[in-house]
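Next comes my_file06.pdb, with PDB, C-alpha atoms, pLDDT in the B column.
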```
ATOM      1  CA  MET A   1       0.000   0.000   0.000  1.00 49.00           C
ATOM      2  CA  THR A   2       1.425   3.374  -1.019  1.00 51.00           C
ATOM      3  CA  SER A   3       0.922   6.495   1.015  1.00 50.00           C
ATOM      4  CA  VAL A   4      -0.025   9.879  -0.382  1.00 50.00           C
ATOM      5  CA  PRO A   5       2.379  12.714   0.465  1.00 50.00           C
ATOM      6  CA  GLU A   6       0.875  15.033   3.075  1.00 49.00           C
ATOM      7  CA  ASP A   7       1.941  18.251   1.336  1.00 51.00           C
ATOM      8  CA  ARG A   8      -0.022  17.513  -1.860  1.00 58.00           C
ATOM      9  CA  SER A   9      -2.614  20.151  -2.749  1.00 65.00           C
ATOM     10  CA  PRO A  10      -6.218  18.905  -3.159  1.00 75.00           C
ATOM     11  CA  ALA A  11      -7.461  18.200  -6.674  1.00 79.00           C
ATOM     12  CA  ILE A  12      -9.847  20.622  -8.364  1.00 82.00           C
ATOM     13  CA  GLY A  13     -12.964  19.986 -10.384  1.00 79.00           C
ATOM     14  CA  ASP A  14     -14.793  21.663 -13.241  1.00 77.00           C
ATOM     15  CA  VAL A  15     -16.545  24.160 -10.950  1.00 74.00           C
ATOM     16  CA  ASP A  16     -13.223  25.534  -9.643  1.00 80.00           C
ATOM     17  CA  ARG A  17     -11.664  25.536 -13.096  1.00 83.00           C
ATOM     18  CA  ASN A  18     -14.690  27.294 -14.673  1.00 79.00           C
ATOM     19  CA  ALA A  19     -14.653  29.978 -11.969  1.00 79.00           C
ATOM     20  CA  ALA A  20     -10.971  30.622 -12.699  1.00 84.00           C
ATOM     21  CA  VAL A  21     -11.668  30.799 -16.448  1.00 84.00           C
ATOM     22  CA  GLU A  22     -14.382  33.397 -15.795  1.00 79.00           C
ATOM     23  CA  ARG A  23     -11.956  35.379 -13.650  1.00 83.00           C
ATOM     24  CA  VAL A  24      -9.360  35.356 -16.456  1.00 85.00           C
ATOM     25  CA  GLN A  25     -11.989  36.432 -18.986  1.00 82.00           C
ATOM     26  CA  ALA A  26     -13.154  39.245 -16.686  1.00 79.00           C
ATOM     27  CA  ALA A  27      -9.557  40.464 -16.370  1.00 81.00           C
ATOM     28  CA  TYR A  28      -9.264  40.479 -20.162  1.00 80.00           C
ATOM     29  CA  THR A  29     -12.541  42.376 -20.694  1.00 74.00           C
ATOM     30  CA  GLY A  30     -11.512  44.788 -17.942  1.00 74.00           C
ATOM     31  CA  GLY A  31      -8.334  45.614 -19.878  1.00 79.00           C
ATOM     32  CA  TYR A  32      -5.908  43.959 -17.443  1.00 84.00           C
ATOM     33  CA  LEU A  33      -4.654  41.370 -19.947  1.00 84.00           C
ATOM     34  CA  SER A  34      -3.601  41.503 -23.586  1.00 87.00           C
ATOM     35  CA  HIS A  35      -4.892  38.882 -26.008  1.00 85.00           C
ATOM     36  CA  ASP A  36      -1.621  36.912 -25.767  1.00 89.00           C
ATOM     37  CA  GLU A  37      -1.737  37.047 -21.958  1.00 88.00           C
ATOM     38  CA  LEU A  38      -5.365  35.868 -22.066  1.00 86.00           C
ATOM     39  CA  GLU A  39      -4.361  32.790 -24.062  1.00 89.00           C
ATOM     40  CA  GLN A  40      -1.451  32.048 -21.701  1.00 91.00           C
ATOM     41  CA  GLN A  41      -3.609  32.452 -18.583  1.00 90.00           C
ATOM     42  CA  LEU A  42      -6.402  30.285 -19.991  1.00 89.00           C
ATOM     43  CA  HIS A  43      -3.913  27.555 -20.928  1.00 91.00           C
ATOM     44  CA  GLN A  44      -2.429  27.649 -17.428  1.00 91.00           C
ATOM     45  CA  VAL A  45      -5.874  27.513 -15.777  1.00 89.00           C
ATOM     46  CA  LEU A  46      -7.101  24.665 -17.975  1.00 90.00           C
ATOM     47  CA  ALA A  47      -3.907  22.693 -17.344  1.00 91.00           C
ATOM     48  CA  ALA A  48      -4.175  23.087 -13.556  1.00 89.00           C
ATOM     49  CA  ARG A  49      -4.825  19.833 -11.691  1.00 89.00           C
ATOM     50  CA  THR A  50      -4.559  20.958  -8.047  1.00 88.00           C
ATOM     51  CA  ARG A  51      -5.772  23.923  -6.036  1.00 85.00           C
ATOM     52  CA  GLN A  52      -2.188  25.128  -5.730  1.00 89.00           C
ATOM     53  CA  ASP A  53      -1.757  25.030  -9.539  1.00 87.00           C
ATOM     54  CA  LEU A  54      -4.947  27.042  -9.910  1.00 86.00           C
ATOM     55  CA  GLU A  55      -3.906  29.625  -7.297  1.00 87.00           C
ATOM     56  CA  VAL A  56      -0.594  30.122  -9.097  1.00 87.00           C
ATOM     57  CA  ALA A  57      -2.444  30.544 -12.409  1.00 85.00           C
ATOM     58  CA  VAL A  58      -4.676  33.371 -11.120  1.00 87.00           C
ATOM     59  CA  ALA A  59      -2.250  34.979  -8.655  1.00 86.00           C
ATOM     60  CA  ALA A  60      -1.381  37.882 -10.979  1.00 83.00           C
ATOM     61  CA  LEU A  61      -5.027  38.712 -11.771  1.00 82.00           C
ATOM     62  CA  PRO A  62      -6.866  41.571 -10.069  1.00 78.00           C
ATOM     63  CA  VAL A  63      -8.674  40.601  -6.874  1.00 72.00           C
ATOM     64  CA  GLU A  64     -12.328  39.808  -7.427  1.00 63.00           C
ATOM     65  CA  GLN A  65     -14.699  42.369  -5.991  1.00 61.00           C
ATOM     66  CA  PRO A  66     -17.621  40.908  -4.078  1.00 55.00           C
ATOM     67  CA  GLY A  67     -21.008  41.629  -5.578  1.00 57.00           C
ATOM     68  CA  ARG A  68     -19.708  42.036  -9.123  1.00 77.00           C
ATOM     69  CA  SER A  69     -21.081  38.719 -10.343  1.00 82.00           C
ATOM     70  CA  ALA A  70     -23.976  36.487  -9.377  1.00 86.00           C
ATOM     71  CA  THR A  71     -25.756  33.455 -10.780  1.00 87.00           C
ATOM     72  CA  ILE A  72     -29.389  32.619 -10.233  1.00 89.00           C
ATOM     73  CA  GLY A  73     -30.772  29.382 -11.531  1.00 86.00           C
ATOM     74  CA  ALA A  74     -33.262  26.584 -11.323  1.00 84.00           C
ATOM     75  CA  SER A  75     -33.559  23.292 -13.135  1.00 83.00           C
ATOM     76  CA  ALA A  76     -37.357  23.411 -12.921  1.00 83.00           C
ATOM     77  CA  GLY A  77     -39.793  26.019 -11.682  1.00 83.00           C
ATOM     78  CA  ARG A  78     -39.826  29.797 -11.775  1.00 90.00           C
ATOM     79  CA  ILE A  79     -37.124  32.341 -11.153  1.00 91.00           C
ATOM     80  CA  VAL A  80     -38.570  35.639  -9.905  1.00 93.00           C
ATOM     81  CA  ARG A  81     -36.746  38.785  -8.772  1.00 93.00           C
ATOM     82  CA  ARG A  82     -38.805  41.899  -8.093  1.00 92.00           C
ATOM     83  CA  GLY A  83     -39.100  44.799  -5.709  1.00 92.00           C
ATOM     84  CA  VAL A  84     -35.968  46.311  -4.218  1.00 91.00           C
ATOM     85  CA  TRP A  85     -32.946  44.078  -4.865  1.00 90.00           C
ATOM     86  CA  ARG A  86     -29.301  44.611  -5.755  1.00 89.00           C
ATOM     87  CA  VAL A  87     -28.281  43.980  -9.333  1.00 91.00           C
ATOM     88  CA  PRO A  88     -24.607  42.998  -9.699  1.00 90.00           C
ATOM     89  CA  ARG A  89     -22.388  44.023 -12.619  1.00 89.00           C
ATOM     90  CA  HIS A  90     -22.707  40.535 -14.189  1.00 92.00           C
ATOM     91  CA  LEU A  91     -25.867  38.503 -13.663  1.00 92.00           C
ATOM     92  CA  LYS A  92     -26.140  34.963 -15.019  1.00 93.00           C
ATOM     93  CA  VAL A  93     -29.586  33.418 -15.296  1.00 94.00           C
ATOM     94  CA  GLU A  94     -29.783  29.661 -15.852  1.00 92.00           C
ATOM     95  CA  SER A  95     -33.041  27.737 -16.194  1.00 92.00           C
ATOM     96  CA  MET A  96     -33.739  24.390 -17.793  1.00 91.00           C
ATOM     97  CA  HIS A  97     -37.544  24.259 -17.448  1.00 90.00           C
ATOM     98  CA  GLY A  98     -39.436  27.261 -16.158  1.00 89.00           C
ATOM     99  CA  ARG A  99     -40.226  30.919 -16.545  1.00 93.00           C
ATOM    100  CA  VAL A 100     -37.934  33.758 -15.568  1.00 95.00           C
ATOM    101  CA  ARG A 101     -39.226  37.144 -14.372  1.00 96.00           C
ATOM    102  CA  LEU A 102     -36.686  39.877 -13.648  1.00 96.00           C
ATOM    103  CA  ASP A 103     -38.210  43.184 -12.570  1.00 96.00           C
ATOM    104  CA  LEU A 104     -35.427  45.763 -12.418  1.00 95.00           C
ATOM    105  CA  SER A 105     -37.759  48.756 -12.122  1.00 94.00           C
ATOM    106  CA  GLN A 106     -37.119  49.204  -8.364  1.00 93.00           C
ATOM    107  CA  ALA A 107     -33.752  47.448  -8.238  1.00 93.00           C
ATOM    108  CA  GLN A 108     -30.584  49.055  -6.907  1.00 90.00           C
ATOM    109  CA  PHE A 109     -27.849  49.041  -9.532  1.00 88.00           C
ATOM    110  CA  GLU A 110     -24.342  48.679  -8.106  1.00 79.00           C
ATOM    111  CA  HIS A 111     -22.853  49.697 -11.461  1.00 84.00           C
ATOM    112  CA  GLY A 112     -23.964  51.901 -14.334  1.00 87.00           C
ATOM    113  CA  ASP A 113     -23.427  49.034 -16.796  1.00 90.00           C
ATOM    114  CA  VAL A 114     -25.044  45.645 -16.205  1.00 93.00           C
ATOM    115  CA  ASP A 115     -24.593  42.442 -18.219  1.00 94.00           C
ATOM    116  CA  ILE A 116     -27.333  39.828 -18.027  1.00 95.00           C
ATOM    117  CA  ASP A 117     -26.356  36.466 -19.513  1.00 94.00           C
ATOM    118  CA  LEU A 118     -29.328  34.187 -20.204  1.00 95.00           C
ATOM    119  CA  ASN A 119     -29.111  30.421 -20.539  1.00 93.00           C
ATOM    120  CA  VAL A 120     -32.761  29.371 -20.695  1.00 93.00           C
ATOM    121  CA  MET A 121     -33.718  26.156 -22.462  1.00 92.00           C
ATOM    122  CA  HIS A 122     -37.505  25.784 -22.003  1.00 91.00           C
ATOM    123  CA  GLY A 123     -39.552  28.729 -20.786  1.00 90.00           C
ATOM    124  CA  GLY A 124     -40.015  32.408 -21.379  1.00 92.00           C
ATOM    125  CA  VAL A 125     -38.117  35.345 -19.925  1.00 95.00           C
ATOM    126  CA  LYS A 126     -39.706  38.680 -19.083  1.00 96.00           C
ATOM    127  CA  ILE A 127     -37.439  41.563 -18.096  1.00 97.00           C
ATOM    128  CA  THR A 128     -38.832  44.879 -16.866  1.00 96.00           C
ATOM    129  CA  LEU A 129     -36.303  47.716 -16.953  1.00 94.00           C
ATOM    130  CA  PRO A 130     -36.300  51.147 -15.306  1.00 93.00           C
ATOM    131  CA  ARG A 131     -37.939  53.778 -17.498  1.00 90.00           C
ATOM    132  CA  ASP A 132     -34.666  55.579 -18.290  1.00 91.00           C
ATOM    133  CA  ALA A 133     -32.548  52.446 -18.874  1.00 92.00           C
ATOM    134  CA  VAL A 134     -30.769  51.829 -22.164  1.00 92.00           C
ATOM    135  CA  VAL A 135     -30.927  48.219 -23.369  1.00 93.00           C
ATOM    136  CA  ASP A 136     -28.870  46.206 -25.868  1.00 94.00           C
ATOM    137  CA  PHE A 137     -30.181  42.715 -26.639  1.00 93.00           C
ATOM    138  CA  ASP A 138     -28.664  42.083 -30.073  1.00 91.00           C
ATOM    139  CA  ALA A 139     -26.401  39.318 -28.716  1.00 91.00           C
ATOM    140  CA  VAL A 140     -29.300  37.089 -27.589  1.00 93.00           C
ATOM    141  CA  HIS A 141     -29.613  33.941 -29.694  1.00 91.00           C
ATOM    142  CA  THR A 142     -33.154  32.598 -29.886  1.00 88.00           C
ATOM    143  CA  GLU A 143     -33.890  29.101 -31.138  1.00 85.00           C
ATOM    144  CA  TRP A 144     -37.666  29.151 -31.315  1.00 83.00           C
ATOM    145  CA  LYS A 145     -39.369  32.528 -30.935  1.00 84.00           C
ATOM    146  CA  ASP A 146     -38.340  36.087 -31.621  1.00 86.00           C
ATOM    147  CA  THR A 147     -37.527  38.678 -28.971  1.00 91.00           C
ATOM    148  CA  ARG A 148     -40.173  41.263 -28.186  1.00 92.00           C
ATOM    149  CA  TYR A 149     -39.101  44.702 -27.042  1.00 93.00           C
ATOM    150  CA  LYS A 150     -41.408  47.521 -26.061  1.00 85.00           C
ATOM    151  CA  PRO A 151     -39.439  50.809 -25.945  1.00 85.00           C
ATOM    152  CA  PRO A 152     -40.491  53.555 -23.534  1.00 84.00           C
ATOM    153  CA  ARG A 153     -42.609  56.401 -24.862  1.00 78.00           C
ATOM    154  CA  ALA A 154     -40.351  59.058 -23.371  1.00 75.00           C
ATOM    155  CA  SER A 155     -37.017  58.380 -21.768  1.00 73.00           C
ATOM    156  CA  SER A 156     -33.997  60.456 -20.847  1.00 76.00           C
ATOM    157  CA  GLY A 157     -31.706  57.510 -21.616  1.00 76.00           C
ATOM    158  CA  ASP A 158     -29.381  58.430 -18.773  1.00 81.00           C
ATOM    159  CA  GLY A 159     -30.240  55.435 -16.604  1.00 87.00           C
ATOM    160  CA  PRO A 160     -28.345  52.177 -16.315  1.00 91.00           C
ATOM    161  CA  ARG A 161     -27.093  50.465 -19.464  1.00 93.00           C
ATOM    162  CA  VAL A 162     -28.294  46.859 -19.583  1.00 95.00           C
ATOM    163  CA  ARG A 163     -26.718  44.432 -22.051  1.00 95.00           C
ATOM    164  CA  ILE A 164     -28.553  41.126 -22.454  1.00 96.00           C
ATOM    165  CA  THR A 165     -26.719  38.190 -24.019  1.00 94.00           C
ATOM    166  CA  GLY A 166     -27.059  34.432 -24.109  1.00 93.00           C
ATOM    167  CA  VAL A 167     -29.285  31.694 -25.476  1.00 93.00           C
ATOM    168  CA  MET A 168     -33.042  31.246 -25.415  1.00 92.00           C
ATOM    169  CA  GLY A 169     -34.077  27.718 -26.364  1.00 89.00           C
ATOM    170  CA  PHE A 170     -37.815  27.163 -26.589  1.00 89.00           C
ATOM    171  CA  GLY A 171     -39.333  30.317 -25.198  1.00 90.00           C
ATOM    172  CA  ARG A 172     -39.631  34.028 -25.842  1.00 93.00           C
ATOM    173  CA  LEU A 173     -37.691  36.955 -24.402  1.00 95.00           C
ATOM    174  CA  LYS A 174     -39.911  39.946 -23.621  1.00 96.00           C
ATOM    175  CA  ILE A 175     -38.310  43.239 -22.626  1.00 96.00           C
ATOM    176  CA  ARG A 176     -40.227  46.309 -21.538  1.00 94.00           C
ATOM    177  CA  HIS A 177     -39.673  49.451 -19.494  1.00 94.00           C
ATOM    178  CA  ALA A 178     -41.533  50.332 -16.315  1.00 91.00           C
ATOM    179  CA  ARG A 179     -44.342  52.835 -16.722  1.00 83.00           C
ATOM    180  CA  ARG A 180     -43.093  55.034 -13.882  1.00 72.00           C
TER     181      ARG A 180
END
```
Rendering of file as structure tokens:
Amino acid sequence: MTSVPEDRSPAIGDVDRNAAVERVQAAYTGGYLSHDELEQQLHQVLAARTRQDLEVAVAALPVEQPGRSATIGASAGRIVRRGVWRVPRHLKVESMHGRVRLDLSQAQFEHGDVDIDLNVMHGGVKITLPRDAVVDFDAVHTEWKDTRYKPPRASSGDGPRVRITGVMGFGRLKIRHARR
């Protein structure tokens, strides 16, 4: 019987590796890495086998700021956010089977720019934005139904900028602005 050395760092899984990849990509989009550095960092992260390897790979990256990214998800059932809630800089929404309702009309925006990444396979998504928000949803890929957007009648356009990206499987994305 062979013994395992005590100083060996624990192995990592896909969840740890994916979080590190997202951190590298965020550093690149934030302007902290060049394209060549991005490729080198991603290679180092994907080659990491232990927690220590992973820590070395991301050591030179900027420290993550809490509240900048969040994921909400459900495999079945509804996802609902409404009323007063904090919207992080990056919001990931993942749903396999169910409807998603995001009401941002009373939400507190931590940043002027917000990215919402949708990964919804079966079910519709309805997003209500503040009246003065500016929205960009051109990067949403829909498989089944088209996206419906109802622009505000009068808006100053100096509210938060919301960029919606991702994939909609079998459902419709509806975007509208709050009346008040």
Closest-contact table, region 78-112 of chain A side, partner region 143-162 of chain A, 8 Å, counting only C-alpha atoms, as a Markdown table:
```
| residue | atom | partner | partner_atom | distance |
| --- | --- | --- | --- | --- |
| A:Phe109 | CA | A:Pro160 | CA | 7.5 |
| A:His111 | CA | A:Pro160 | CA | 7.7 |
| A:Gly112 | CA | A:Pro160 | CA | 4.8 |
```
TODO: Between CA of Gly73 (chain A) and CA of Ala19 (chain A), measure the distance and give it in Å to one decimal.
DONE: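 So the answer is 16.1 Å.
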Task: Reference answer for the PyMOL selection byres ((chain A and resi 77-94) around 9), as a ChimeraX atom specification - done: /A:67-76,95-121
- [ ] Identify the residues within 9 Å of coordinate (-5.0, 25.3, -11.5) (same frame as the file), considering only C-alpha atoms, and give the answer as a ChimeraX atom specification.
- [x] /A:11-12,16-17,20,44-58
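Here CA of Lys174 (chain A) and CA of Leu129 (chain A) stand 10.9 Å from one another.
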Open item on the list: Can you spell out as a VMD selection string the set of residues that the PyMOL selection byres ((chain A and resi 27-33) around 12) selects in the structure I just provided?
Closed with: chain A and resid 20 to 26 34 to 42 58 to 65
Those selected residues, please, written with C-alpha atoms and delivered as a PDB file, in the frame of the given file.
```
ATOM      1  CA  ALA A  20     -10.971  30.622 -12.699  1.00 84.00           C
ATOM      2  CA  VAL A  21     -11.668  30.799 -16.448  1.00 84.00           C
ATOM      3  CA  GLU A  22     -14.382  33.397 -15.795  1.00 79.00           C
ATOM      4  CA  ARG A  23     -11.956  35.379 -13.650  1.00 83.00           C
ATOM      5  CA  VAL A  24      -9.360  35.356 -16.456  1.00 85.00           C
ATOM      6  CA  GLN A  25     -11.989  36.432 -18.986  1.00 82.00           C
ATOM      7  CA  ALA A  26     -13.154  39.245 -16.686  1.00 79.00           C
ATOM      8  CA  SER A  34      -3.601  41.503 -23.586  1.00 87.00           C
ATOM      9  CA  HIS A  35      -4.892  38.882 -26.008  1.00 85.00           C
ATOM     10  CA  ASP A  36      -1.621  36.912 -25.767  1.00 89.00           C
ATOM     11  CA  GLU A  37      -1.737  37.047 -21.958  1.00 88.00           C
ATOM     12  CA  LEU A  38      -5.365  35.868 -22.066  1.00 86.00           C
ATOM     13  CA  GLU A  39      -4.361  32.790 -24.062  1.00 89.00           C
ATOM     14  CA  GLN A  40      -1.451  32.048 -21.701  1.00 91.00           C
ATOM     15  CA  GLN A  41      -3.609  32.452 -18.583  1.00 90.00           C
ATOM     16  CA  LEU A  42      -6.402  30.285 -19.991  1.00 89.00           C
ATOM     17  CA  VAL A  58      -4.676  33.371 -11.120  1.00 87.00           C
ATOM     18  CA  ALA A  59      -2.250  34.979  -8.655  1.00 86.00           C
ATOM     19  CA  ALA A  60      -1.381  37.882 -10.979  1.00 83.00           C
ATOM     20  CA  LEU A  61      -5.027  38.712 -11.771  1.00 82.00           C
ATOM     21  CA  PRO A  62      -6.866  41.571 -10.069  1.00 78.00           C
ATOM     22  CA  VAL A  63      -8.674  40.601  -6.874  1.00 72.00           C
ATOM     23  CA  GLU A  64     -12.328  39.808  -7.427  1.00 63.00           C
ATOM     24  CA  GLN A  65     -14.699  42.369  -5.991  1.00 61.00           C
TER      25      GLN A  65
END
```
Task: Of the listed residues A:Ala133, A:Val140, A:Val125, A:Met168, that which approaches Arg180 (chain A) most closely, counting all atoms listed in the file - done: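 Closest to Arg180 (chain A) of all the choices is A:Ala133.
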May I have the centre and edge lengths, in Å to one decimal, of an axis-aligned box around the listed atoms of region 161-180 of chain A with 8 Å added to every side, as JSON?
```
{"center_x": -35.5, "center_y": 41.1, "center_z": -20.2, "size_x": 33.6, "size_y": 43.9, "size_z": 28.7}
```
- [ ] Can you work out the spacing between CA of His141 (chain A) and CA of Phe170 (chain A) in Å, to one decimal?
- [x]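 Distance reported for this atom pair: 11.1 Å.
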Task: A:Val15, A:His43, A:Leu173, A:Ile164 ranked by distance to Val134 (chain A), top pick (using all atoms listed in the file) - done: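 Ranking A:Val15, A:His43, A:Leu173, A:Ile164 by distance to Val134 (chain A), first place goes to A:Ile164.
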Your completed region 94-110 of chain A with N, CA and C atoms, as a short mmCIF file (atom, residue, chain, number, x, y, z; two decimals), in the frame of the given file:
```
data_model
loop_
_atom_site.label_atom_id
_atom_site.label_comp_id
_atom_site.auth_asym_id
_atom_site.auth_seq_id
_atom_site.Cartn_x
_atom_site.Cartn_y
_atom_site.Cartn_z
N GLU A 94 -29.78 31.00 -15.27
CA GLU A 94 -29.78 29.66 -15.85
C GLU A 94 -31.06 28.93 -15.45
N SER A 95 -31.80 28.47 -16.46
CA SER A 95 -33.04 27.74 -16.19
C SER A 95 -33.23 26.68 -17.27
N MET A 96 -33.49 25.47 -16.83
CA MET A 96 -33.74 24.39 -17.79
C MET A 96 -35.22 24.34 -18.19
N HIS A 97 -36.11 24.35 -17.20
CA HIS A 97 -37.54 24.26 -17.45
C HIS A 97 -38.24 25.23 -16.51
N GLY A 98 -38.71 26.33 -17.00
CA GLY A 98 -39.44 27.26 -16.16
C GLY A 98 -39.34 28.68 -16.68
N ARG A 99 -40.19 29.52 -16.14
CA ARG A 99 -40.23 30.92 -16.55
C ARG A 99 -39.30 31.75 -15.67
N VAL A 100 -38.81 32.82 -16.28
CA VAL A 100 -37.93 33.76 -15.57
C VAL A 100 -38.58 35.13 -15.63
N ARG A 101 -38.69 35.79 -14.47
CA ARG A 101 -39.23 37.14 -14.37
C ARG A 101 -38.22 37.99 -13.60
N LEU A 102 -37.62 38.95 -14.29
CA LEU A 102 -36.69 39.88 -13.65
C LEU A 102 -37.29 41.27 -13.74
N ASP A 103 -37.68 41.82 -12.61
CA ASP A 103 -38.21 43.18 -12.57
C ASP A 103 -37.13 44.08 -11.98
N LEU A 104 -36.51 44.87 -12.83
CA LEU A 104 -35.43 45.76 -12.42
C LEU A 104 -35.91 47.18 -12.16
N SER A 105 -37.22 47.40 -12.22
CA SER A 105 -37.76 48.76 -12.12
C SER A 105 -37.49 49.41 -10.77
N GLN A 106 -37.40 48.65 -9.69
CA GLN A 106 -37.12 49.20 -8.36
C GLN A 106 -35.77 48.73 -7.83
N ALA A 107 -35.02 48.04 -8.67
CA ALA A 107 -33.75 47.45 -8.24
C ALA A 107 -32.69 48.52 -8.01
N GLN A 108 -31.73 48.18 -7.17
CA GLN A 108 -30.58 49.06 -6.91
C GLN A 108 -29.42 48.55 -7.76
N PHE A 109 -28.95 49.40 -8.64
CA PHE A 109 -27.85 49.04 -9.53
C PHE A 109 -26.53 49.42 -8.88
N GLU A 110 -25.65 48.43 -8.70
CA GLU A 110 -24.34 48.68 -8.11
C GLU A 110 -23.39 49.31 -9.10
#
```
